[in-house]
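Colleague: Structure: data-v7.cif, mmCIF, C-alpha atoms.
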data_query
#
loop_
_atom_site.label_atom_id
_atom_site.label_comp_id
_atom_site.auth_asym_id
_atom_site.auth_seq_id
_atom_site.Cartn_x
_atom_site.Cartn_y
_atom_site.Cartn_z
CA MET X 1448 -7.67 -17.40 -13.38
CA LYS X 1449 -6.28 -17.79 -16.86
CA GLU X 1450 -6.45 -14.68 -18.94
CA ASN X 1451 -4.78 -14.00 -22.27
CA GLY X 1452 -2.71 -17.13 -21.83
CA ARG X 1453 -1.22 -15.96 -18.55
CA THR X 1454 -1.58 -18.27 -15.61
CA GLU X 1455 -2.39 -17.12 -12.10
CA ARG X 1456 1.13 -18.17 -11.13
CA GLU X 1457 2.65 -15.82 -13.67
CA ALA X 1458 0.28 -13.06 -12.57
CA LEU X 1459 1.44 -13.59 -8.98
CA PHE X 1460 5.07 -13.01 -9.91
CA ASP X 1461 4.13 -9.97 -11.99
CA VAL X 1462 2.43 -8.38 -8.97
CA LEU X 1463 5.33 -9.29 -6.68
CA ALA X 1464 7.75 -7.70 -9.14
CA ALA X 1465 5.61 -4.56 -9.43
CA GLY X 1466 5.19 -3.85 -5.71
CA ILE X 1467 7.74 -2.72 -3.17
CA VAL X 1468 5.97 -2.98 0.19
CA CYS X 1469 3.70 -5.74 1.42
CA HIS X 1470 1.18 -5.51 4.23
CA LEU X 1471 1.73 -8.41 6.55
CA GLY X 1472 -1.22 -9.48 8.65
CA VAL X 1473 -0.62 -11.56 11.76
CA ILE X 1474 -2.59 -12.33 14.88
CA VAL X 1475 -1.13 -10.92 18.10
CA ASP X 1476 -2.87 -11.81 21.35
CA GLY X 1477 -5.96 -12.70 19.37
CA HIS X 1478 -6.06 -9.41 17.48
CA PRO X 1479 -5.19 -8.80 13.85
CA MET X 1480 -2.18 -6.57 13.22
CA VAL X 1481 -1.21 -5.30 9.78
CA VAL X 1482 2.31 -3.97 9.30
CA PRO X 1483 3.97 -2.66 6.13
CA THR X 1484 7.34 -4.12 5.26
CA VAL X 1485 9.60 -4.47 2.25
CA TYR X 1486 10.00 -7.90 0.72
CA GLY X 1487 11.92 -10.02 -1.72
CA PHE X 1488 10.96 -13.26 -3.41
CA ASP X 1489 12.04 -16.24 -5.42
CA ARG X 1490 9.86 -18.92 -7.04
CA GLU X 1491 9.11 -20.57 -3.69
CA HIS X 1492 9.06 -17.91 -0.98
CA LEU X 1493 8.29 -14.36 -0.04
CA TYR X 1494 11.01 -13.03 2.28
CA VAL X 1495 10.13 -10.26 4.72
CA HIS X 1496 11.89 -8.49 7.53
CA GLY X 1497 10.37 -9.91 10.66
CA SER X 1498 11.33 -7.44 13.34
CA VAL X 1499 7.86 -6.05 13.92
CA ALA X 1500 5.87 -9.21 13.39
CA SER X 1501 8.22 -11.69 14.97
CA ARG X 1502 6.78 -11.55 18.48
CA SER X 1503 3.62 -13.21 17.17
CA LEU X 1504 5.35 -16.05 15.39
CA THR X 1505 6.28 -18.42 18.17
CA ALA X 1506 3.07 -20.33 17.77
CA GLY X 1507 3.63 -20.89 14.06
CA THR X 1508 0.31 -19.28 13.24
CA LEU X 1509 -0.84 -18.29 9.79
CA ALA X 1510 -0.07 -14.95 8.25
CA CYS X 1511 -1.40 -13.12 5.22
CA ALA X 1512 0.87 -10.95 3.11
CA THR X 1513 -0.90 -8.62 0.70
CA ILE X 1514 0.83 -6.69 -2.07
CA THR X 1515 -1.29 -4.04 -3.76
CA VAL X 1516 -0.48 -1.86 -6.75
CA VAL X 1517 -3.06 0.88 -7.31
CA ASP X 1518 -3.21 1.69 -11.03
CA GLY X 1519 -5.95 4.31 -10.96
CA LEU X 1520 -9.50 5.25 -10.18
CA VAL X 1521 -12.51 3.99 -12.10
CA LEU X 1522 -14.84 6.97 -12.39
CA ALA X 1523 -18.33 5.85 -13.37
CA ARG X 1524 -21.57 7.71 -14.09
CA SER X 1525 -22.95 6.62 -10.72
CA VAL X 1526 -21.15 6.71 -7.39
CA PHE X 1527 -22.25 3.11 -6.90
CA GLU X 1528 -20.16 1.87 -9.86
CA HIS X 1529 -16.99 3.69 -8.85
CA GLY X 1530 -13.98 1.54 -8.23
CA VAL X 1531 -10.25 1.13 -8.42
CA ASN X 1532 -8.01 -0.40 -11.04
CA TYR X 1533 -5.48 -2.42 -9.12
CA ARG X 1534 -3.32 -5.51 -8.98
CA CYS X 1535 -3.32 -7.39 -5.72
CA ALA X 1536 -1.65 -10.57 -4.52
CA MET X 1537 -2.60 -12.24 -1.25
CA ILE X 1538 -0.32 -14.92 0.15
CA TYR X 1539 -1.40 -17.16 2.99
CA GLY X 1540 0.94 -19.33 4.96
CA VAL X 1541 2.91 -19.99 8.11
CA PRO X 1542 5.97 -17.72 8.13
CA ARG X 1543 9.14 -19.55 9.01
CA PRO X 1544 11.99 -17.67 10.71
CA VAL X 1545 15.09 -18.22 8.61
CA VAL X 1546 17.89 -19.44 10.87
CA ASP X 1547 20.44 -20.86 8.45
CA ASP X 1548 23.07 -18.20 7.70
CA GLN X 1549 23.36 -19.07 4.02
CA GLU X 1550 19.60 -18.99 3.48
CA LYS X 1551 19.37 -15.75 5.45
CA LEU X 1552 22.05 -14.13 3.30
CA ALA X 1553 20.33 -15.37 0.16
CA GLY X 1554 16.96 -14.07 1.37
CA LEU X 1555 18.38 -10.67 2.33
CA ARG X 1556 20.02 -10.48 -1.04
CA LEU X 1557 16.67 -11.15 -2.77
CA LEU X 1558 15.02 -8.51 -0.60
CA THR X 1559 17.73 -5.91 -1.21
CA GLU X 1560 17.87 -6.58 -4.93
CA HIS X 1561 14.10 -6.40 -5.28
CA VAL X 1562 13.97 -3.02 -3.56
CA THR X 1563 17.16 -1.59 -5.09
CA PRO X 1564 18.67 -3.66 -7.91
CA GLY X 1565 22.46 -3.50 -7.83
CA GLN X 1566 22.70 -2.50 -4.19
CA TRP X 1567 23.70 -5.86 -2.72
CA GLU X 1568 27.06 -5.92 -4.50
CA TYR X 1569 27.55 -2.16 -4.06
CA ALA X 1570 26.89 -1.57 -0.34
CA ARG X 1571 28.65 -3.28 2.54
CA GLN X 1572 27.11 -6.70 3.07
CA PRO X 1573 26.01 -7.85 6.52
CA SER X 1574 28.62 -8.86 9.04
CA ARG X 1575 28.19 -12.01 11.07
CA LYS X 1576 26.89 -9.95 13.98
CA GLU X 1577 24.46 -7.97 11.83
CA LEU X 1578 23.21 -11.17 10.25
CA ALA X 1579 22.49 -12.61 13.68
CA ALA X 1580 20.61 -9.43 14.63
CA THR X 1581 18.38 -9.63 11.55
CA THR X 1582 15.07 -11.46 11.69
CA LEU X 1583 14.05 -12.75 8.30
CA LEU X 1584 10.83 -14.63 7.62
CA ALA X 1585 10.10 -16.95 4.71
CA LEU X 1586 6.47 -17.26 3.67
CA PRO X 1587 5.74 -20.06 1.19
CA LEU X 1588 4.12 -18.93 -2.08
CA ALA X 1589 2.17 -22.19 -2.34
CA GLU X 1590 -1.13 -20.63 -1.33
CA ALA X 1591 -1.75 -17.34 -3.07
CA SER X 1592 -4.46 -15.54 -4.96
CA VAL X 1593 -4.29 -12.67 -7.40
CA LYS X 1594 -6.95 -10.12 -8.21
CA ILE X 1595 -6.63 -7.64 -11.03
CA ARG X 1596 -9.04 -5.01 -12.30
CA THR X 1597 -8.33 -3.03 -15.43
CA GLY X 1598 -10.28 -0.95 -17.89
CA PRO X 1599 -13.19 1.48 -17.94
CA PRO X 1600 -16.22 1.53 -15.62
CA ASP X 1601 -18.99 -1.00 -16.07
CA ASP X 1602 -21.95 1.33 -16.49
CA GLY X 1603 -21.29 2.31 -20.08
CA ASP X 1604 -23.98 -0.01 -21.41
CA GLY X 1605 -26.69 0.65 -18.83
CA PRO X 1606 -29.28 3.38 -18.41
CA ASP X 1607 -26.73 5.67 -16.72
CA ALA X 1608 -24.81 5.88 -20.02
CA ALA X 1609 -27.40 8.44 -21.12
CA LEU X 1610 -26.41 10.81 -18.31
CA GLU X 1611 -24.24 13.79 -19.15
CA VAL X 1612 -21.56 12.52 -16.77
CA TRP X 1613 -17.91 12.01 -17.73
CA ALA X 1614 -16.69 8.48 -17.13
CA GLY X 1615 -13.33 6.81 -17.48
CA GLU X 1616 -10.12 6.12 -15.68
CA LEU X 1617 -7.88 8.45 -13.72
CA PRO X 1618 -4.54 6.62 -13.75
CA LEU X 1619 -2.09 6.80 -10.91
CA ALA X 1620 1.64 6.26 -11.41
CA THR X 1621 4.51 6.01 -8.96
CA GLY X 1622 7.98 7.02 -10.01
CA TRP X 1623 11.49 7.34 -8.59
CA GLN X 1624 12.65 10.90 -8.10
CA HIS X 1625 16.15 12.38 -8.07
CA PRO X 1626 18.40 10.89 -5.38
CA VAL X 1627 19.10 13.11 -2.36
CA PRO X 1628 22.62 12.63 -0.95
CA ASP X 1629 23.10 12.26 2.78
CA PRO X 1630 24.15 15.77 3.96
CA VAL X 1631 27.29 14.31 5.54
CA LEU X 1632 28.33 12.38 2.42
CA PRO X 1633 31.69 13.59 1.09
CA PRO X 1634 31.12 15.21 -2.34
CA SER X 1635 33.90 13.01 -3.70
CA VAL X 1636 31.71 9.90 -3.48
CA PRO X 1637 30.01 9.52 -6.86
CA LEU X 1638 26.40 8.49 -7.37
CA PRO X 1639 26.59 4.93 -8.70
CA ALA X 1640 25.02 4.16 -12.06
CA HIS X 1641 22.46 1.69 -10.71
CA ILE X 1642 20.90 4.40 -8.53
CA ALA X 1643 21.28 7.26 -11.01
CA ALA X 1644 19.58 5.22 -13.73
CA ARG X 1645 16.48 4.75 -11.62
CA ALA X 1646 15.52 8.43 -11.31
CA GLY X 1647 12.61 9.19 -13.60
CA THR X 1648 11.60 5.58 -14.06
CA ARG X 1649 8.32 4.16 -12.88
CA LEU X 1650 7.67 1.66 -10.17
CA GLY X 1651 5.41 -1.21 -11.11
CA MET Y 676 4.67 11.30 19.79
CA LYS Y 677 4.94 15.05 19.72
CA GLU Y 678 7.29 16.37 17.09
CA ASN Y 679 7.72 19.96 15.96
CA GLY Y 680 4.59 20.90 17.83
CA ARG Y 681 2.43 18.43 15.94
CA THR Y 682 0.46 15.99 18.02
CA GLU Y 683 0.05 12.33 17.13
CA ARG Y 684 -3.63 13.09 16.47
CA GLU Y 685 -2.73 15.66 13.83
CA ALA Y 686 -0.18 13.28 12.34
CA LEU Y 687 -2.90 10.63 12.09
CA PHE Y 688 -5.13 12.89 10.03
CA ASP Y 689 -2.20 13.92 7.85
CA VAL Y 690 -1.50 10.28 6.99
CA LEU Y 691 -5.19 9.56 6.39
CA ALA Y 692 -5.37 12.56 4.06
CA ALA Y 693 -2.23 11.46 2.21
CA GLY Y 694 -3.23 7.86 1.53
CA ILE Y 695 -5.89 6.48 -0.76
CA VAL Y 696 -6.08 2.76 0.03
CA CYS Y 697 -5.97 1.12 3.44
CA HIS Y 698 -5.10 -2.49 4.17
CA LEU Y 699 -7.78 -3.92 6.38
CA GLY Y 700 -6.80 -6.89 8.52
CA VAL Y 701 -9.51 -9.12 9.92
CA ILE Y 702 -9.63 -12.65 11.29
CA VAL Y 703 -11.61 -15.13 9.19
CA ASP Y 704 -12.02 -18.64 10.56
CA GLY Y 705 -9.07 -18.01 12.85
CA HIS Y 706 -6.80 -16.83 10.05
CA PRO Y 707 -5.63 -13.31 9.33
CA MET Y 708 -6.83 -11.81 6.04
CA VAL Y 709 -5.55 -8.51 4.69
CA VAL Y 710 -7.58 -6.79 1.97
CA PRO Y 711 -6.95 -3.45 0.28
CA THR Y 712 -9.87 -1.04 0.15
CA VAL Y 713 -10.50 2.66 -0.35
CA TYR Y 714 -11.57 4.69 2.66
CA GLY Y 715 -12.92 8.00 3.86
CA PHE Y 716 -12.78 9.56 7.29
CA ASP Y 717 -14.00 12.26 9.61
CA ARG Y 718 -12.67 13.18 13.07
CA GLU Y 719 -14.24 10.11 14.67
CA HIS Y 720 -14.29 7.26 12.14
CA LEU Y 721 -12.59 5.59 9.25
CA TYR Y 722 -15.20 4.46 6.71
CA VAL Y 723 -14.42 1.50 4.46
CA HIS Y 724 -16.32 -0.54 1.92
CA GLY Y 725 -17.07 -3.78 3.67
CA SER Y 726 -17.96 -6.14 0.86
CA VAL Y 727 -14.87 -8.30 1.10
CA ALA Y 728 -14.39 -8.22 4.84
CA SER Y 729 -18.00 -8.28 5.95
CA ARG Y 730 -18.31 -12.03 6.25
CA SER Y 731 -15.93 -11.97 9.19
CA LEU Y 732 -17.69 -9.23 11.08
CA THR Y 733 -20.66 -10.97 12.63
CA ALA Y 734 -18.75 -11.70 15.79
CA GLY Y 735 -17.79 -8.04 16.28
CA THR Y 736 -14.14 -8.94 16.35
CA LEU Y 737 -11.28 -6.47 16.18
CA ALA Y 738 -9.82 -5.25 12.93
CA CYS Y 739 -6.65 -3.37 12.06
CA ALA Y 740 -6.63 -0.84 9.25
CA THR Y 741 -3.20 0.25 8.08
CA ILE Y 742 -2.55 3.18 5.76
CA THR Y 743 0.99 3.43 4.42
CA VAL Y 744 2.56 6.12 2.29
CA VAL Y 745 6.01 5.15 1.00
CA ASP Y 746 8.11 8.30 0.56
CA GLY Y 747 11.33 6.71 -0.58
CA LEU Y 748 14.22 4.39 0.09
CA VAL Y 749 16.92 5.02 2.64
CA LEU Y 750 20.16 3.88 1.02
CA ALA Y 751 22.88 3.46 3.61
CA ARG Y 752 26.56 2.48 3.42
CA SER Y 753 25.72 -0.96 4.79
CA VAL Y 754 22.86 -3.21 3.72
CA PHE Y 755 22.01 -3.58 7.40
CA GLU Y 756 21.14 0.11 7.77
CA HIS Y 757 18.93 0.28 4.68
CA GLY Y 758 15.38 1.31 5.27
CA VAL Y 759 12.31 3.08 3.99
CA ASN Y 760 11.03 6.60 4.54
CA TYR Y 761 7.33 6.25 5.12
CA ARG Y 762 4.27 7.47 6.94
CA CYS Y 763 2.06 4.81 8.43
CA ALA Y 764 -1.14 4.90 10.47
CA MET Y 765 -2.51 1.81 12.19
CA ILE Y 766 -6.06 1.90 13.50
CA TYR Y 767 -7.38 -0.79 15.82
CA GLY Y 768 -11.03 -1.26 16.63
CA VAL Y 769 -14.24 -3.16 16.14
CA PRO Y 770 -15.74 -2.22 12.77
CA ARG Y 771 -19.43 -1.44 12.97
CA PRO Y 772 -21.64 -2.04 9.93
CA VAL Y 773 -23.41 1.24 9.18
CA VAL Y 774 -27.15 0.56 8.90
CA ASP Y 775 -28.72 3.99 9.20
CA ASP Y 776 -29.36 5.38 5.72
CA GLN Y 777 -28.33 8.93 6.57
CA GLU Y 778 -25.09 7.83 8.20
CA LYS Y 779 -24.41 5.50 5.28
CA LEU Y 780 -24.91 8.31 2.78
CA ALA Y 781 -22.68 10.60 4.84
CA GLY Y 782 -20.00 7.91 5.08
CA LEU Y 783 -20.10 7.15 1.36
CA ARG Y 784 -19.84 10.84 0.66
CA LEU Y 785 -16.71 11.08 2.84
CA LEU Y 786 -15.24 8.06 1.07
CA THR Y 787 -16.04 9.37 -2.42
CA GLU Y 788 -14.81 12.87 -1.64
CA HIS Y 789 -11.58 11.57 -0.14
CA VAL Y 790 -10.82 9.48 -3.21
CA THR Y 791 -12.07 11.99 -5.80
CA PRO Y 792 -12.90 15.44 -4.43
CA GLY Y 793 -15.88 16.94 -6.24
CA GLN Y 794 -17.24 13.64 -7.47
CA TRP Y 795 -20.11 13.22 -4.98
CA GLU Y 796 -22.01 16.22 -6.31
CA TYR Y 797 -21.03 15.48 -9.91
CA ALA Y 798 -21.88 11.79 -10.37
CA ARG Y 799 -25.27 10.20 -9.79
CA GLN Y 800 -25.70 9.58 -6.08
CA PRO Y 801 -26.82 6.18 -4.79
CA SER Y 802 -30.43 5.14 -5.18
CA ARG Y 803 -32.30 3.61 -2.29
CA LYS Y 804 -31.67 0.15 -3.76
CA GLU Y 805 -27.97 0.79 -4.32
CA LEU Y 806 -27.63 2.15 -0.81
CA ALA Y 807 -29.16 -1.04 0.59
CA ALA Y 808 -26.75 -3.13 -1.50
CA THR Y 809 -23.71 -1.27 -0.14
CA THR Y 810 -21.90 -2.50 2.95
CA LEU Y 811 -20.15 0.29 4.75
CA LEU Y 812 -18.09 -0.17 7.89
CA ALA Y 813 -17.22 2.46 10.48
CA LEU Y 814 -13.98 1.92 12.40
CA PRO Y 815 -13.48 4.25 15.40
CA LEU Y 816 -10.30 6.33 15.29
CA ALA Y 817 -9.99 6.22 19.08
CA GLU Y 818 -7.16 3.70 19.06
CA ALA Y 819 -4.53 4.53 16.50
CA SER Y 820 -0.78 4.83 16.19
CA VAL Y 821 1.35 6.69 13.69
CA LYS Y 822 4.87 5.91 12.61
CA ILE Y 823 6.91 8.22 10.43
CA ARG Y 824 10.48 7.98 9.20
CA THR Y 825 12.14 10.78 7.30
CA GLY Y 826 15.64 11.88 6.47
CA PRO Y 827 18.99 10.34 5.54
CA PRO Y 828 20.39 6.99 6.69
CA ASP Y 829 21.74 6.60 10.21
CA ASP Y 830 25.25 5.38 9.44
CA GLY Y 831 26.72 8.75 8.49
CA ASP Y 832 28.47 9.13 11.82
CA GLY Y 833 29.75 5.59 12.27
CA PRO Y 834 32.80 3.72 10.95
CA ASP Y 835 30.97 2.96 7.66
CA ALA Y 836 30.98 6.68 6.82
CA ALA Y 837 34.60 6.22 5.73
CA LEU Y 838 33.56 3.77 3.01
CA GLU Y 839 33.45 5.00 -0.55
CA VAL Y 840 29.74 4.18 -0.75
CA TRP Y 841 27.05 6.66 -1.82
CA ALA Y 842 24.35 7.13 0.77
CA GLY Y 843 21.13 9.10 0.81
CA GLU Y 844 17.49 8.93 -0.09
CA LEU Y 845 15.82 7.78 -3.28
CA PRO Y 846 12.43 9.49 -3.09
CA LEU Y 847 9.30 7.94 -4.51
CA ALA Y 848 6.33 10.02 -5.63
CA THR Y 849 2.88 9.06 -6.81
CA GLY Y 850 0.99 11.30 -9.20
CA TRP Y 851 -2.28 11.47 -11.10
CA GLN Y 852 -1.94 10.98 -14.83
CA HIS Y 853 -4.09 12.22 -17.70
CA PRO Y 854 -7.70 10.97 -17.51
CA VAL Y 855 -8.64 8.24 -19.99
CA PRO Y 856 -12.25 8.50 -21.19
CA ASP Y 857 -14.44 5.41 -21.30
CA PRO Y 858 -14.31 4.29 -24.98
CA VAL Y 859 -18.11 4.40 -25.15
CA LEU Y 860 -18.38 7.90 -23.67
CA PRO Y 861 -19.96 10.33 -26.18
CA PRO Y 862 -17.34 12.92 -27.15
CA SER Y 863 -19.86 15.64 -26.33
CA VAL Y 864 -19.53 14.96 -22.60
CA PRO Y 865 -16.84 17.33 -21.30
CA LEU Y 866 -14.19 16.44 -18.75
CA PRO Y 867 -15.24 18.22 -15.56
CA ALA Y 868 -12.85 20.70 -13.97
CA HIS Y 869 -12.45 18.77 -10.72
CA ILE Y 870 -11.03 15.77 -12.60
CA ALA Y 871 -9.05 17.75 -15.17
CA ALA Y 872 -7.35 19.77 -12.44
CA ARG Y 873 -6.01 16.65 -10.79
CA ALA Y 874 -3.84 15.43 -13.67
CA GLY Y 875 -0.20 16.15 -12.95
CA THR Y 876 -0.72 16.66 -9.23
CA ARG Y 877 0.78 14.45 -6.60
CA LEU Y 878 -0.93 12.09 -4.24
CA GLY Y 879 0.06 12.40 -0.61
#
Taking this structure as input, can you express it in the form of structure tokens?
Modeller:
Amino acid sequence: MKENGRTEREALFDVLAAGIVCHLGVIVDGHPMVVPTVYGFDREHLYVHGSVASRSLTAGTLACATITVVDGLVLARSVFEHGVNYRCAMIYGVPRPVVDDQEKLAGLRLLTEHVTPGQWEYARQPSRKELAATTLLALPLAEASVKIRTGPPDDGDGPDAALEVWAGELPLATGWQHPVPDPVLPPSVPLPAHIAARAGTRLG
Amino acid sequence: MKENGRTEREALFDVLAAGIVCHLGVIVDGHPMVVPTVYGFDREHLYVHGSVASRSLTAGTLACATITVVDGLVLARSVFEHGVNYRCAMIYGVPRPVVDDQEKLAGLRLLTEHVTPGQWEYARQPSRKELAATTLLALPLAEASVKIRTGPPDDGDGPDAALEVWAGELPLATGWQHPVPDPVLPPSVPLPAHIAARAGTRLG
């Protein structure tokens, strides 16, 4: 894929930046299992929390991590031509449990900063014990594909275009709402700027 | 799970009603593959478009369909206690290609009406040829699990509660935006009420 001068590699990082949860597919006892989990990434790896999926990873089997951003519905004249505008990245690879403390800290930092920019320096960072209790997986980004659909339905130039049926897109947008303090939080603790600034902004 | 008088079965249907895309995990040539696809459902089955996944289904192998609604971030005092508020349904079963025309029409209607209520009667319904060209899969809802997390972080009653760190939830909401007409749509075709009424409402 090379569209408007953007490479598939650049499109991959755009989708990774736009999403917040990936769906990780692994094989457990011969059966597929798909679990949602937050992620972080750099230019080489996708980092995911491995608590749920880790029991399947001893064999070093392949996994598939899919990140999907739904941008809206494609409403056509015919039901048959209906579809979805979306951006989707699929990453295939053998997830590697991260064991080195420095790499684990770096991966957790990427994950935290992807989900909530500014939070790594603000919240209390993992202790040695917490770090040991955290399972982090690194999935190489070497094998990935990106699929993107945008724009109006495809039946505007066919016979159905003569029908008196409205056609177009119904966009979908996801946005951050106002933060809700923990009921037991002392009122003296201020809302930090990096969280306050997010309310009202869009994800993706 | 039985919480506040709701059974896990009722929670399953709540999550199915709240989502719009499922992530379908199948095994292709021994490797897991996770593809996003829209779905519909009744009390017995999840119906999904099978175009992408169908090549793996000849063997009648198991699939896992996961529907996830992300409700927000759980921001704790420590990075370790961070999490996500979400509702997730995982359905395990052997997808059956729907071959009977009446069942296929009924399944497509469920799918269309779940994604865009009112659209099945409004748009042109599938012709015989289109119906034959559509792959629809029925996944039994007999084996399913639901996971839900709500509420504030869990470190409000531990030693970290003494830290001067803001903690709480950062909710995420997804909403329908204003419809965008197909550029080639004649201006004389009005926007139908069932689409117009959706703009500004929330998904899930």
Colleague: Hey, what's within 8 Å of stretch 842-845 of chain Y if we count only C-alpha atoms and toss same-chain stuff fewer than 6 positions away? As a list in words, please?
Modeller: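 Surrounding residues, per the criterion: Trp1623, Gln1624, His1625, Pro1626, Val1627, Pro1628, Asp1629, Pro1630 and Leu1632 of chain X; Gly747, Leu748, Val749, Leu750, Ala751, Arg752, Gly826, Pro827 and Pro828 of chain Y.
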Colleague: Which polymer residues have any atom within 10 Å of an atom of X:His1561, counting only C-alpha atoms, with same-chain residues fewer than 6 positions away left out, as a PyMOL selection string?
Modeller: chain X and resi 1463-1467+1485-1488+1555+1567
Colleague: Around the point (-6.4, 0.7, -0.6), in the coordinates given by the file, pick out the residues reaching within 7 Å, counting all atoms listed in the file, and return them as a PyMOL selection string.
Modeller: chain Y and resi 695-698+711-713
Colleague: Just give me the gap between atom CA of Y:Arg824 and atom CA of Y:Ala836 in Å, one decimal is fine.
Modeller: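 Rounded to one decimal, the two atoms are 20.7 Å apart.
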Colleague: Do you know which residues the PyMOL selection byres ((chain Y and resi 803) around 12) returns on this file, as a PyMOL selection string?
Modeller: (chain X and resi 1527) or (chain Y and resi 776-777+779-780+800-802+804-809)
Colleague: Now that the selection is made, can you save its residues with C-alpha atoms as a PDB file, in the coordinates of the input?
Modeller:
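File result-v8.pdb, as written:
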ATOM      1  CA  PHE X1527     -22.250   3.110  -6.900  1.00  0.00           C
TER       2      PHE X1527
ATOM      3  CA  ASP Y 776     -29.360   5.380   5.720  1.00  0.00           C
ATOM      4  CA  GLN Y 777     -28.330   8.930   6.570  1.00  0.00           C
ATOM      5  CA  LYS Y 779     -24.410   5.500   5.280  1.00  0.00           C
ATOM      6  CA  LEU Y 780     -24.910   8.310   2.780  1.00  0.00           C
ATOM      7  CA  GLN Y 800     -25.700   9.580  -6.080  1.00  0.00           C
ATOM      8  CA  PRO Y 801     -26.820   6.180  -4.790  1.00  0.00           C
ATOM      9  CA  SER Y 802     -30.430   5.140  -5.180  1.00  0.00           C
ATOM     10  CA  LYS Y 804     -31.670   0.150  -3.760  1.00  0.00           C
ATOM     11  CA  GLU Y 805     -27.970   0.790  -4.320  1.00  0.00           C
ATOM     12  CA  LEU Y 806     -27.630   2.150  -0.810  1.00  0.00           C
ATOM     13  CA  ALA Y 807     -29.160  -1.040   0.590  1.00  0.00           C
ATOM     14  CA  ALA Y 808     -26.750  -3.130  -1.500  1.00  0.00           C
ATOM     15  CA  THR Y 809     -23.710  -1.270  -0.140  1.00  0.00           C
TER      16      THR Y 809
END
Colleague: Could you please determine the separation between atom CA of Y:Ala871 and atom CA of X:Trp1613 in Å, to one decimal place?
Modeller: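 Atom CA of X:Trp1613 lies 10.9 Å from atom CA of Y:Ala871.
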Colleague: Evaluating the PyMOL selection byres ((chain Y and resi 706) around 10) on the displayed file yields which residues, as number ranges by chain?
Modeller: X: 1472-1474, 1479, 1508-1511, 1539-1540; Y: 701-705, 707-709
Colleague: X:Gly1603, X:Gly1565, X:Pro1634, X:Gly1651: which is nearest chain Y, counting only C-alpha atoms?
Modeller: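 Result for the nearest residue to chain Y: X:Gly1603.
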Colleague: So what do you get for atom CA of Y:Thr743 versus atom CA of Y:Arg762, distance-wise?
Modeller: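 Atom CA of Y:Thr743 sits 5.8 Å away from atom CA of Y:Arg762.
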Colleague: Which residues come within 9 Å of Y:Thr849, counting all atoms listed in the file, excluding same-chain residues fewer than 3 positions away, as a list in words?
Modeller: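 Contacts, with the query itself left out: Leu1619, Ala1620, Thr1621, Gly1622 and Trp1623 of chain X; Thr876, Arg877, Leu878 and Gly879 of chain Y.
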Colleague: Using all atoms listed in the file, which of the listed residues (Y:Arg684, Y:Arg718, Y:His724, Y:Arg873) sits closest to Y:Arg771?
Modeller: Y:His724
Colleague: I'd like to know which of X:Val1495, X:Ala1591, X:Val1526, X:Leu1586 is closest to Y:Val790, using all atoms listed in the file.
Modeller: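 That would be X:Val1526, the residue with the smallest distance to Y:Val790.
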Colleague: What would the list of residues within 8 Å of (27.3, 7.2, -5.7) (file frame) look like as an MDAnalysis selection string, if all atoms listed in the file are what count?
Modeller: (chainID X and resid 1636:1640 1642) or (chainID Y and resid 840:842)
Colleague: Of the candidates Y:Asp689, Y:Glu756, Y:Glu818, Y:Glu778, which one gets nearest to chain X if we count only C-alpha atoms?
Modeller: Y:Glu756
